[in-house]
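See structure below.
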Amino acid sequence: MIAVDKRECVGCEECLHVCPTEAIIMKNEKAEIIQHKCDQCERCIPACPVKAIKIVYTQLI
Ligand code: SF4
Ligand code: SF4
């Protein structure tokens with residue numbers, strides 16, 4: 001899944017503008033991804049100037 005590291009996010013909102021599914025919202029001046037809206041397109045990753053958006057690999061059991 002795609003996730004924002006809130007310790008790194010500087011609240012610039014660049015990621016909101018590139019997301020085609022409006023899956024990113026601001027909460028307390030940090031970006032947050034609404035997972036059920038995200039289609040994993042990864043467009044937000046290069047858009048973030050501080051590289052706060054990461055691909056998180058979850059372990060499948
Ligand atoms: S991966 Fe794509 S759909 Fe998901 S939050 Fe980023 S830009 Fe939006
Ligand atoms: S582009 Fe990066 S720093 Fe800017 S709001 Fe999105 S996650 Fe935060």
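Residue numbering restarts at 1 in every chain; chains get A, B, ... in the order shown in the structure tokens, and ligands count up from 1 in that same order.
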Subject >> Every residue of chain A that DSSP places in alpha helix (DSSP H), as a VMD selection string >> reply: chain A and resid 14 to 18 44 to 47
Subject >> 10 Å contact set for region 24-36 of chain A, only C-alpha atoms, chain neighbours under 3 positions out, as a PyMOL selection string >> reply: chain A and resi 1-21+39-40+44+52-53
Any chance you could export the current selection's N, CA and C atoms as an mmCIF file, in the first residue's frame?
data_model
loop_
_atom_site.group_PDB
_atom_site.id
_atom_site.type_symbol
_atom_site.label_atom_id
_atom_site.label_comp_id
_atom_site.auth_asym_id
_atom_site.auth_seq_id
_atom_site.Cartn_x
_atom_site.Cartn_y
_atom_site.Cartn_z
ATOM 1 N N MET A 1 0.836 -1.189 0.000
ATOM 2 C CA MET A 1 0.000 0.000 0.000
ATOM 3 C C MET A 1 0.876 1.246 0.000
ATOM 4 N N ILE A 2 0.263 2.390 -0.305
ATOM 5 C CA ILE A 2 0.985 3.654 -0.343
ATOM 6 C C ILE A 2 0.643 4.401 0.951
ATOM 7 N N ALA A 3 1.659 4.935 1.623
ATOM 8 C CA ALA A 3 1.398 5.602 2.895
ATOM 9 C C ALA A 3 2.279 6.833 3.058
ATOM 10 N N VAL A 4 1.782 7.780 3.836
ATOM 11 C CA VAL A 4 2.533 9.002 4.118
ATOM 12 C C VAL A 4 3.237 8.841 5.466
ATOM 13 N N ASP A 5 4.533 9.136 5.481
ATOM 14 C CA ASP A 5 5.247 9.183 6.754
ATOM 15 C C ASP A 5 5.020 10.582 7.328
ATOM 16 N N LYS A 6 4.170 10.662 8.337
ATOM 17 C CA LYS A 6 3.771 11.973 8.863
ATOM 18 C C LYS A 6 4.912 12.716 9.538
ATOM 19 N N ARG A 7 5.954 12.020 9.906
ATOM 20 C CA ARG A 7 7.112 12.716 10.504
ATOM 21 C C ARG A 7 7.850 13.504 9.440
ATOM 22 N N GLU A 8 7.714 13.074 8.170
ATOM 23 C CA GLU A 8 8.444 13.736 7.094
ATOM 24 C C GLU A 8 7.593 14.737 6.314
ATOM 25 N N CYS A 9 6.285 14.550 6.319
ATOM 26 C CA CYS A 9 5.383 15.419 5.551
ATOM 27 C C CYS A 9 5.465 16.858 6.056
ATOM 28 N N VAL A 10 5.621 17.815 5.094
ATOM 29 C CA VAL A 10 5.692 19.235 5.468
ATOM 30 C C VAL A 10 4.405 19.980 5.100
ATOM 31 N N GLY A 11 3.386 19.240 4.690
ATOM 32 C CA GLY A 11 2.076 19.844 4.455
ATOM 33 C C GLY A 11 1.965 20.717 3.220
ATOM 34 N N CYS A 12 2.774 20.468 2.195
ATOM 35 C CA CYS A 12 2.786 21.340 1.010
ATOM 36 C C CYS A 12 1.593 21.113 0.089
ATOM 37 N N GLU A 13 0.929 19.974 0.223
ATOM 38 C CA GLU A 13 -0.270 19.618 -0.571
ATOM 39 C C GLU A 13 0.022 19.306 -2.042
ATOM 40 N N GLU A 14 1.278 19.166 -2.425
ATOM 41 C CA GLU A 14 1.607 18.814 -3.812
ATOM 42 C C GLU A 14 0.975 17.479 -4.204
ATOM 43 N N CYS A 15 0.989 16.544 -3.290
ATOM 44 C CA CYS A 15 0.464 15.207 -3.590
ATOM 45 C C CYS A 15 -1.036 15.236 -3.894
ATOM 46 N N LEU A 16 -1.755 16.141 -3.232
ATOM 47 C CA LEU A 16 -3.204 16.215 -3.466
ATOM 48 C C LEU A 16 -3.507 16.535 -4.929
ATOM 49 N N HIS A 17 -2.663 17.374 -5.532
ATOM 50 C CA HIS A 17 -2.922 17.827 -6.903
ATOM 51 C C HIS A 17 -2.692 16.744 -7.948
ATOM 52 N N VAL A 18 -1.860 15.771 -7.654
ATOM 53 C CA VAL A 18 -1.564 14.748 -8.669
ATOM 54 C C VAL A 18 -2.395 13.482 -8.509
ATOM 55 N N CYS A 19 -3.093 13.346 -7.431
ATOM 56 C CA CYS A 19 -3.849 12.111 -7.199
ATOM 57 C C CYS A 19 -5.123 12.086 -8.043
ATOM 58 N N PRO A 20 -5.258 11.112 -8.944
ATOM 59 C CA PRO A 20 -6.417 11.076 -9.830
ATOM 60 C C PRO A 20 -7.708 10.630 -9.141
ATOM 61 N N THR A 21 -7.592 10.033 -7.989
ATOM 62 C CA THR A 21 -8.800 9.502 -7.339
ATOM 63 C C THR A 21 -9.179 10.273 -6.070
ATOM 64 N N ASP A 39 -5.742 3.845 -5.852
ATOM 65 C CA ASP A 39 -5.631 2.748 -6.827
ATOM 66 C C ASP A 39 -4.172 2.362 -7.076
ATOM 67 N N GLN A 40 -3.269 2.784 -6.190
ATOM 68 C CA GLN A 40 -1.847 2.394 -6.239
ATOM 69 C C GLN A 40 -1.139 2.889 -7.494
ATOM 70 N N CYS A 44 1.773 9.984 -6.688
ATOM 71 C CA CYS A 44 2.071 10.894 -5.584
ATOM 72 C C CYS A 44 3.505 10.754 -5.081
ATOM 73 N N ALA A 52 8.097 11.912 1.400
ATOM 74 C CA ALA A 52 7.381 11.416 2.580
ATOM 75 C C ALA A 52 6.400 10.298 2.244
ATOM 76 N N ILE A 53 6.171 10.070 0.928
ATOM 77 C CA ILE A 53 5.196 9.051 0.547
ATOM 78 C C ILE A 53 5.937 7.780 0.128
#
Subject >> CA of Glu42 (chain A) to atom 8 (Fe, counted along the ligand's line) of ligand 1, distance in Å rounded to a single decimal >> reply: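 Computed distance, CA of Glu42 (chain A) to atom 8 (Fe, counted along the ligand's line) of ligand 1, equals 6.8 Å.
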Original post:
So which residues of chain A fall under strand (DSSP E or B) by DSSP, listed as a VMD selection string?
Top reply: chain A and resid 2 to 4 24 to 27 30 to 33 53 to 55
**OP:** Record the distance separating atom 3 (S, counted along the ligand's line) of ligand 2 and CA of Pro46 (chain A), expressed in Å with one decimal.
**Re:** 10.9 Å
